[in-house]
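A quick write-up on the structure given underneath.
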Amino acid sequence: MSYGFLIDTTKCIGCRGCQVACKQAHDLPADRTGFRPIRTNPPDLTARTWSLIEFHEVTKTRERLVWRFVKRQCMHCLEPACASVCPVAALRKTAEGPVIYDAKRCIGCRYCMTACPFNVPRYQWDSATPLIGKCTMCAERLAEGEQPACAKACLTGAIKFGQREELLAEAHQRIAARPDRYVDHVYGEHEVGGTAVLYLSDVPFAAIGFPAALPLYPLPTKTWAVMSLVPAVAGGTAGLMTFAYLITRRQRGLERQRAARQEPAPVAVTTDDPPADPLEEVQG
Amino acid sequence: MSALTRPWRPQRPRVFLGFTMTPRVTAAFAVAGMILAIGAYASVVRFFRGLGASTNLNDLAPWGLWIGFDVMSGVALAAGGFVIAATVHIFHRERYEPLLRPAILTAFLGYLLVIFGLLYDIGQPWRIWHAIIYWNPHSVLFEVAWCVMTYTTVLALEFAPVVFERLRMPRPQRILRAISIPLIILGITLSTMHQSSLGSMFLIFPEKLSPLWYTPIFPVLFFTSAVAVGLAMVTVESLLSAKFMRRDAHMDLLNTVARATAVVLLIYAVIKVADVTIRGAWTALAPFEWTDLTWLLELGLTVLLPAALLLTPAVRASRGKLLATQALVVIGVIANRVNLAVPSLVAANRGSYFPSWMEFAITLALLTGGVVAFAFAAKHLPVFTGGHDRHEPSPHAVSGSG
């Protein structure tokens, strides 16, 4: 059992209370906001905005244009790509559910950023000592027996925090109870092997910014299939090279013997060869 | 006293760091100095104001020129070291010995440049050693980090005899000679591991790369192309030092190296085509996208074309044509690494990125530093001469015993 979120986008009114609560809980400075054609503000996740309400205009039926609000944050994958690629294990999936970040280990290589299928980890580009910033599921609040700040702040019950298994069952119950309302898909149930954050929606997920057609297997399995062969490849290469060395050395020895037997005059053998003492050459 | 009243003496050529300062050499030093000065300015911006101030990298384009070119391509281009070491000392093809020391030197400097490139690119360069104490055996990059650290050490030890030869210190030379074969086998093993693992780094992107490019055999492709580009780089470097340092180009050796390059390129092409066929990925060609174009361009222009040219005797006989063809192989592998690490991933994020002038300036400065270091080493160390008898018993001993 591990923790997760159930985010029901049909219940979100776009108040951004969770976004602000996250900033307060983690003492994160503000990002520049402004008027833009898209109303998401600030326009994207950053190293200092770990949780963000995205505003999507969706053509629900031919006549109706509706707003849908999507909370974006780390999905806390069950088998996270970011943690698997991190060379210093700065990112780690805990048994309780959160994917946490140990800033003291981080070398700043940004492999986690490229590996994440949801493009969540962000970088402190303006810092001379940059670190990664991303949602931690308020792991430190969980340790104190508290809910994550965003879930606690949510007015409408759009964000529900709890055990992932229970939330998943509840998500399917909600779909079963209102099949006319919901798309029959719990996003995060199977995507990249499952994520701790689960979503419900009444419009296609692709229309509200979710990456479509993600693999349903955990991404690190592709890497591990090859990485697990590394010791064998290393041992094989070393063994093969030792074998090749011994074989060709023997061949060379036999060739030389044959040459020596046919042409015993030592002058003929030595003319092509460089002087025996390497020091002689430097001086010469 | 003015110059006019000074009595005339035959002018001795001025010498700087062992280089005779002809106008051409002076100009070369001036250009190198300028590039290094601009690079130094960009370095100050990079280290004091951060990556945002110095690069065009952003959250949708976390990897750029330095990872694609300096690191990914740098490692591949340095593959000549282990390929020639294996040829000479493991497979006992001693006639390639004249190519060995320059190849080891190129590889050693290449890996130093890779490490310098990483120091610029990673956000916390003072923690570059962290993989030593913080382990993640699931991470390909963890393995690459270990291999690069240990292989750079191995290359230093493989090149050290050249330095000791110059310093006339026979004792350390003897010690290194005693461990040279295990050392070379270790170097080949480490190279095989991380050259292929650089390809494995792309296995985590199944949803980001196009079906034509994304393959479970990334490591095989990276290793094969590294061997090809290693041979190509040895040729390019040999022909260039022949031109600029008046060394023997060893055209007879480069001729067979060229044929070997062609064979490796053809193997690479066969693997690529077979891989796409077996995976049934040809269907990805419709709709035709730019990623498909890059795949076809690589295969046609920088794999099959140079392979065909290198199998043509007229190309192998001409220094200029051989240089151009092998340079094409080098460009092809650079394009392959850069394309996968940068534009492919940026496009998957729908981001945008083009390197800033400071990214180019630092890359250029690192390359210039490498070339200057190579020229300096070639001038002062027995890189192109000596060391022909390090590992083989002299023929006298064999004929005496046989």
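The chains in the structure tokens are called A, B, ... from first to last as shown; in each chain the residues are counted from 1, and the ligands are counted from 1 in the order shown.
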Which chain B residues are at most 7 Å from chain A (counting only C-alpha atoms), as a PyMOL selection string? chain B and resi 47-53+59+62+90-92+122-125+127-128+130-131+134-136+138-142+165-166+168+185-186+189+193+200+203-205+207+386-389+398-399+402
Go ahead and dump the residues you just picked, N, CA and C atoms, as a tab-separated table (two decimals), in the first residue's frame.
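Wrote it out as result-v9.tsv, contents follow:
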chain	number	residue	atom	x	y	z
B	47	PHE	N	30.09	30.20	-14.95
B	47	PHE	CA	30.27	29.72	-13.58
B	47	PHE	C	29.80	30.72	-12.53
B	48	PHE	N	29.74	32.00	-12.87
B	48	PHE	CA	29.32	32.96	-11.87
B	48	PHE	C	27.85	33.34	-11.99
B	49	ARG	N	27.28	33.23	-13.20
B	49	ARG	CA	25.88	33.62	-13.35
B	49	ARG	C	24.98	32.45	-13.71
B	50	GLY	N	25.55	31.31	-14.01
B	50	GLY	CA	24.72	30.11	-14.20
B	50	GLY	C	24.43	29.77	-15.65
B	51	LEU	N	23.73	28.66	-15.82
B	51	LEU	CA	23.44	28.13	-17.16
B	51	LEU	C	22.41	28.98	-17.89
B	52	GLY	N	21.48	29.58	-17.14
B	52	GLY	CA	20.46	30.40	-17.78
B	52	GLY	C	21.07	31.63	-18.45
B	53	ALA	N	22.08	32.21	-17.80
B	53	ALA	CA	22.70	33.43	-18.34
B	53	ALA	C	23.63	33.13	-19.51
B	59	ASP	N	13.71	24.50	-19.68
B	59	ASP	CA	13.04	23.33	-19.11
B	59	ASP	C	12.55	22.35	-20.17
B	62	PRO	N	16.52	20.49	-21.89
B	62	PRO	CA	17.52	20.43	-20.81
B	62	PRO	C	18.92	20.04	-21.29
B	90	ILE	N	46.54	-6.71	-28.77
B	90	ILE	CA	45.74	-7.89	-28.48
B	90	ILE	C	45.73	-8.82	-29.70
B	91	PHE	N	45.54	-8.21	-30.88
B	91	PHE	CA	45.51	-9.02	-32.09
B	91	PHE	C	46.89	-9.10	-32.77
B	92	HIS	N	47.89	-8.50	-32.10
B	92	HIS	CA	49.27	-8.60	-32.57
B	92	HIS	C	49.48	-8.16	-34.01
B	122	ILE	N	27.12	20.30	-16.22
B	122	ILE	CA	26.34	19.93	-15.04
B	122	ILE	C	26.26	21.13	-14.09
B	123	GLY	N	25.14	21.22	-13.40
B	123	GLY	CA	24.89	22.40	-12.58
B	123	GLY	C	25.76	22.49	-11.35
B	124	GLN	N	26.22	21.33	-10.86
B	124	GLN	CA	27.02	21.29	-9.63
B	124	GLN	C	28.35	20.62	-9.95
B	125	PRO	N	29.21	21.31	-10.74
B	125	PRO	CA	30.43	20.64	-11.22
B	125	PRO	C	31.34	20.13	-10.10
B	127	ARG	N	30.54	18.57	-7.72
B	127	ARG	CA	30.08	17.26	-7.24
B	127	ARG	C	30.23	16.18	-8.31
B	128	ILE	N	31.08	16.45	-9.32
B	128	ILE	CA	31.17	15.52	-10.45
B	128	ILE	C	31.60	14.12	-9.98
B	130	HIS	N	30.51	12.58	-7.36
B	130	HIS	CA	29.51	12.00	-6.46
B	130	HIS	C	29.14	10.55	-6.78
B	131	ALA	N	29.25	10.18	-8.07
B	131	ALA	CA	28.88	8.79	-8.44
B	131	ALA	C	29.79	7.78	-7.74
B	134	TYR	N	27.79	7.85	-4.14
B	134	TYR	CA	26.34	7.62	-4.20
B	134	TYR	C	26.04	6.72	-5.38
B	135	TRP	N	25.61	5.50	-5.10
B	135	TRP	CA	25.47	4.51	-6.17
B	135	TRP	C	24.02	4.35	-6.61
B	136	ASN	N	23.85	4.20	-7.92
B	136	ASN	CA	22.56	3.78	-8.45
B	136	ASN	C	22.80	2.82	-9.61
B	138	HIS	N	21.06	0.98	-11.22
B	138	HIS	CA	20.03	0.94	-12.26
B	138	HIS	C	20.26	2.02	-13.31
B	139	SER	N	21.08	3.00	-12.99
B	139	SER	CA	21.28	4.13	-13.89
B	139	SER	C	22.38	3.84	-14.90
B	140	VAL	N	22.05	4.02	-16.19
B	140	VAL	CA	23.07	3.86	-17.23
B	140	VAL	C	24.16	4.92	-17.03
B	141	LEU	N	23.73	6.11	-16.65
B	141	LEU	CA	24.69	7.20	-16.50
B	141	LEU	C	25.66	6.93	-15.35
B	142	PHE	N	25.19	6.22	-14.34
B	142	PHE	CA	26.07	5.81	-13.24
B	142	PHE	C	27.19	4.92	-13.78
B	165	GLU	N	59.47	7.93	-21.08
B	165	GLU	CA	60.50	7.76	-22.10
B	165	GLU	C	61.22	9.08	-22.32
B	166	ARG	N	60.44	10.16	-22.39
B	166	ARG	CA	60.98	11.49	-22.59
B	166	ARG	C	61.83	11.91	-21.39
B	168	ARG	N	63.38	10.00	-19.51
B	168	ARG	CA	64.44	9.00	-19.35
B	168	ARG	C	64.39	8.35	-17.97
B	185	ILE	N	43.57	-4.64	-21.89
B	185	ILE	CA	42.32	-5.42	-21.87
B	185	ILE	C	41.27	-4.72	-21.03
B	186	LEU	N	41.70	-4.14	-19.89
B	186	LEU	CA	40.76	-3.38	-19.06
B	186	LEU	C	40.20	-2.19	-19.86
B	189	THR	N	37.66	-3.36	-22.36
B	189	THR	CA	36.42	-3.74	-21.67
B	189	THR	C	35.63	-2.51	-21.26
B	193	MET	N	32.00	-1.24	-22.73
B	193	MET	CA	30.87	-1.00	-21.83
B	193	MET	C	30.27	0.39	-22.03
B	200	SER	N	22.59	3.03	-24.60
B	200	SER	CA	21.55	2.57	-23.66
B	200	SER	C	20.89	3.75	-22.95
B	203	LEU	N	17.48	4.40	-24.14
B	203	LEU	CA	16.42	3.41	-23.98
B	203	LEU	C	15.27	3.92	-23.13
B	204	ILE	N	15.51	4.97	-22.33
B	204	ILE	CA	14.48	5.48	-21.43
B	204	ILE	C	13.49	6.40	-22.19
B	205	PHE	N	13.73	6.61	-23.50
B	205	PHE	CA	12.89	7.54	-24.26
B	205	PHE	C	11.97	6.85	-25.28
B	207	GLU	N	8.85	6.80	-25.71
B	207	GLU	CA	7.71	7.59	-26.16
B	207	GLU	C	8.16	8.89	-26.82
B	386	GLY	N	59.54	6.30	-31.63
B	386	GLY	CA	59.88	5.53	-30.44
B	386	GLY	C	58.79	4.57	-30.00
B	387	GLY	N	59.15	3.77	-29.02
B	387	GLY	CA	58.18	2.86	-28.41
B	387	GLY	C	57.74	1.73	-29.30
B	388	HIS	N	58.60	1.32	-30.24
B	388	HIS	CA	58.14	0.27	-31.16
B	388	HIS	C	58.30	-1.12	-30.60
B	389	ASP	N	58.99	-1.23	-29.47
B	389	ASP	CA	59.35	-2.59	-29.04
B	389	ASP	C	58.91	-2.84	-27.61
B	398	VAL	N	63.55	-14.82	-30.07
B	398	VAL	CA	62.74	-15.89	-30.63
B	398	VAL	C	63.60	-16.81	-31.48
B	399	SER	N	64.42	-16.18	-32.37
B	399	SER	CA	65.21	-17.02	-33.26
B	399	SER	C	66.27	-17.78	-32.47
B	402	GLY	N	64.42	-20.70	-30.87
B	402	GLY	CA	63.72	-21.60	-31.77
B	402	GLY	C	64.62	-22.39	-32.69
Give me the residues of region 20-113 of chain A that have any atom at most 10 Å from an atom of region 154-177 of chain A; for each, the nearest atom pair and the distance in Å, rounded to one decimal. Use only C-alpha atoms, sort by chain and number, and format it as a tab-separated table.
residue	atom	partner	partner_atom	distance
A:Ala21	CA	A:Cys154	CA	9.1
A:Lys71	CA	A:Ile159	CA	8.9
A:Glu96	CA	A:Gln163	CA	9.3
A:Gly97	CA	A:Arg164	CA	8.7
From a DSSP calculation on the backbone, collect every residue of region 34-78 of chain A in strand (DSSP E or B) and output the set as a PDB file with C-alpha atoms, in the first residue's frame.
ATOM      1  CA  THR A  46       9.081  25.768 -12.944  1.00  0.00           C
ATOM      2  CA  THR A  49       6.180  26.227  -9.084  1.00  0.00           C
ATOM      3  CA  LEU A  52       0.019  24.359 -11.235  1.00  0.00           C
ATOM      4  CA  ILE A  53      -3.581  24.641 -12.390  1.00  0.00           C
ATOM      5  CA  GLU A  54      -3.680  24.502 -16.186  1.00  0.00           C
ATOM      6  CA  PHE A  55      -6.624  26.187 -17.930  1.00  0.00           C
ATOM      7  CA  HIS A  56      -7.888  24.386 -21.008  1.00  0.00           C
ATOM      8  CA  GLU A  57     -10.631  25.523 -23.366  1.00  0.00           C
ATOM      9  CA  VAL A  58     -12.342  22.397 -24.612  1.00  0.00           C
ATOM     10  CA  THR A  59     -15.013  22.018 -27.290  1.00  0.00           C
ATOM     11  CA  LEU A  65     -17.045  25.486 -25.270  1.00  0.00           C
ATOM     12  CA  VAL A  66     -16.084  24.687 -21.677  1.00  0.00           C
ATOM     13  CA  TRP A  67     -13.200  25.405 -19.320  1.00  0.00           C
ATOM     14  CA  ARG A  68     -11.445  22.463 -17.799  1.00  0.00           C
ATOM     15  CA  PHE A  69      -8.826  22.850 -15.089  1.00  0.00           C
ATOM     16  CA  VAL A  70      -6.045  20.338 -14.664  1.00  0.00           C
ATOM     17  CA  LYS A  71      -3.749  20.233 -11.692  1.00  0.00           C
ATOM     18  CA  ARG A  72      -0.258  19.437 -12.841  1.00  0.00           C
ATOM     19  CA  CYS A  77       5.150   7.010 -10.900  1.00  0.00           C
TER      20      CYS A  77
END
Could you check which of B:Ala341, B:Ile84, B:Ala378, B:Leu155 is closest to Ala260 (chain B), using only C-alpha atoms?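 Under the stated criterion, the closest residue is B:Ile84.
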Once DSSP has gone over the backbone, tell me which residues of region 89-258 of chain B are in alpha helix (DSSP H), as a PyMOL selection string. chain B and resi 97-121+140-167+170-178+180-200+218-245+251-258
Between B:Gly80, B:Gly187, B:Pro7, B:Pro137, which residue has the minimum interatomic distance to Val227 (chain B), considering only C-alpha atoms?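 Residue with the minimum atom-to-atom distance to Val227 (chain B): B:Gly80.
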Restricting the calculation to only C-alpha atoms: of B:Val333, B:Leu381, B:Val88, B:Leu60, which residue gets closest to Ser225 (chain B)?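 Ranking B:Val333, B:Leu381, B:Val88, B:Leu60 by distance to Ser225 (chain B), first place goes to B:Val333.
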Can you work out the spacing between CA of Arg46 (chain B) and CA of Ser356 (chain B) in Å, to one decimal?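 Result for CA of Arg46 (chain B) versus CA of Ser356 (chain B): 11.6 Å, one decimal.
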Neighbour list for region 271-282 of chain B as a list in words, cut-off 9 Å, only C-alpha atoms, skip fewer than 3 positions in-chain: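 Contacts, in chain order: Pro211, Leu212, Trp213, Thr215, Ile217, Val220, Leu221, Leu266, Ile267, Tyr268, Leu285, Ala286 and Leu299 of chain B.
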Those same residues, written as a PDB file, in the first residue's frame with N, CA and C atoms?
ATOM      1  N   PRO B 211       9.785   5.778 -34.105  1.00  0.00           N
ATOM      2  CA  PRO B 211       9.978   4.321 -34.167  1.00  0.00           C
ATOM      3  C   PRO B 211      11.167   3.907 -35.034  1.00  0.00           C
ATOM      4  N   LEU B 212      11.508   4.734 -35.999  1.00  0.00           N
ATOM      5  CA  LEU B 212      12.660   4.408 -36.835  1.00  0.00           C
ATOM      6  C   LEU B 212      13.946   4.453 -36.005  1.00  0.00           C
ATOM      7  N   TRP B 213      14.041   5.449 -35.132  1.00  0.00           N
ATOM      8  CA  TRP B 213      15.247   5.639 -34.320  1.00  0.00           C
ATOM      9  C   TRP B 213      15.254   4.773 -33.076  1.00  0.00           C
ATOM     10  N   THR B 215      15.282   1.964 -30.662  1.00  0.00           N
ATOM     11  CA  THR B 215      15.490   0.538 -30.812  1.00  0.00           C
ATOM     12  C   THR B 215      16.097  -0.054 -29.549  1.00  0.00           C
ATOM     13  N   ILE B 217      18.270  -2.139 -29.526  1.00  0.00           N
ATOM     14  CA  ILE B 217      19.693  -2.410 -29.746  1.00  0.00           C
ATOM     15  C   ILE B 217      20.518  -1.127 -29.870  1.00  0.00           C
ATOM     16  N   VAL B 220      24.186  -1.636 -29.214  1.00  0.00           N
ATOM     17  CA  VAL B 220      24.935  -2.286 -30.299  1.00  0.00           C
ATOM     18  C   VAL B 220      25.285  -1.254 -31.374  1.00  0.00           C
ATOM     19  N   LEU B 221      24.292  -0.420 -31.725  1.00  0.00           N
ATOM     20  CA  LEU B 221      24.522   0.591 -32.764  1.00  0.00           C
ATOM     21  C   LEU B 221      25.582   1.596 -32.322  1.00  0.00           C
ATOM     22  N   LEU B 266      29.600  -0.942 -43.046  1.00  0.00           N
ATOM     23  CA  LEU B 266      28.624  -1.820 -43.698  1.00  0.00           C
ATOM     24  C   LEU B 266      27.921  -2.701 -42.665  1.00  0.00           C
ATOM     25  N   ILE B 267      28.695  -3.181 -41.679  1.00  0.00           N
ATOM     26  CA  ILE B 267      28.069  -3.965 -40.599  1.00  0.00           C
ATOM     27  C   ILE B 267      27.012  -3.105 -39.900  1.00  0.00           C
ATOM     28  N   TYR B 268      27.387  -1.838 -39.620  1.00  0.00           N
ATOM     29  CA  TYR B 268      26.470  -0.893 -38.960  1.00  0.00           C
ATOM     30  C   TYR B 268      25.198  -0.727 -39.791  1.00  0.00           C
ATOM     31  N   LEU B 285       7.541   5.359 -41.801  1.00  0.00           N
ATOM     32  CA  LEU B 285       7.917   6.315 -42.849  1.00  0.00           C
ATOM     33  C   LEU B 285       6.719   7.107 -43.356  1.00  0.00           C
ATOM     34  N   ALA B 286       5.496   6.593 -43.108  1.00  0.00           N
ATOM     35  CA  ALA B 286       4.302   7.357 -43.458  1.00  0.00           C
ATOM     36  C   ALA B 286       3.501   7.614 -42.195  1.00  0.00           C
ATOM     37  N   LEU B 299      21.950   7.069 -42.978  1.00  0.00           N
ATOM     38  CA  LEU B 299      22.274   5.797 -43.629  1.00  0.00           C
ATOM     39  C   LEU B 299      22.898   6.023 -45.008  1.00  0.00           C
TER      40      LEU B 299
END
